[in-house]
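K.L.:
Below is a structure I'd like to ask you about.
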Amino acid sequence: MTIANVFESSDATRRYLFDIEGSHQIESVWIPEEHRDTICISSQAGCPLACDFCMTGVIGLNRNLSAGEIVGQVIAV
């Protein structure tokens, strides 16, 4: 798994785009706050819910991530 890109917003939130096995991409987000920081990580490539407003839902579920891929996001972020 490699970091394909990092996007930083004006409030210092960082979105990490990862390339993973199977030619899929996933995202993780680091959200800095005054008294704590939050990391949102992916557990799946794609999503089975198919919400109309969400591009990930339009893609559909590709696969569940391995434990190593999930932990790898935390280490990288």
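To be explicit about the labels: the chains of the structure tokens are called A, B, and onward in the order shown, and within each one the residues are counted from 1, while ligands get numbers from 1 in the order they are shown.
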Skipping near chain neighbours, those fewer than 4 positions away, what residues fall within 9 Å of Ile70 (chain A) using only C-alpha atoms, listed as a list in words?
P.N.:
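My list of contacting residues is Ile41, Ser42, Ser43, Gln44, Leu65, Ser66 and Val74 of chain A.
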K.L.:
With only C-alpha atoms as the counted atoms, please give the residues lying no more than 9 Å from Arg14 (chain A), apart from itself and same-chain residues fewer than 2 positions off, as number ranges by chain.
P.N.:
A: 6-9, 11-12, 16, 28-32, 77
K.L.:
Chain A: which residues are strand (DSSP E or B) by DSSP, as a PyMOL selection string?
P.N.:
chain A and resi 2-8+14-20+24-32+37-40+44-45+63-64
K.L.:
Would you mind telling me which residue in A:Gly68, A:Thr38, A:Asp52, A:Ile59 lies nearest to Ile20 (chain A) when using only C-alpha atoms?
P.N.:
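With only C-alpha atoms as the atom set, the closest residue is A:Gly68.
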K.L.:
Got a sec to tell me which of chain A DSSP assigns to alpha helix (DSSP H), as a list of chain:residue names?
P.N.:
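Put together, the selection reads A:Met55, A:Thr56, A:Gly57, A:Val58, A:Ile59, A:Ala67, A:Gly68, A:Glu69, A:Ile70, A:Val71, A:Gly72, A:Gln73, A:Val74, A:Ile75, A:Ala76.
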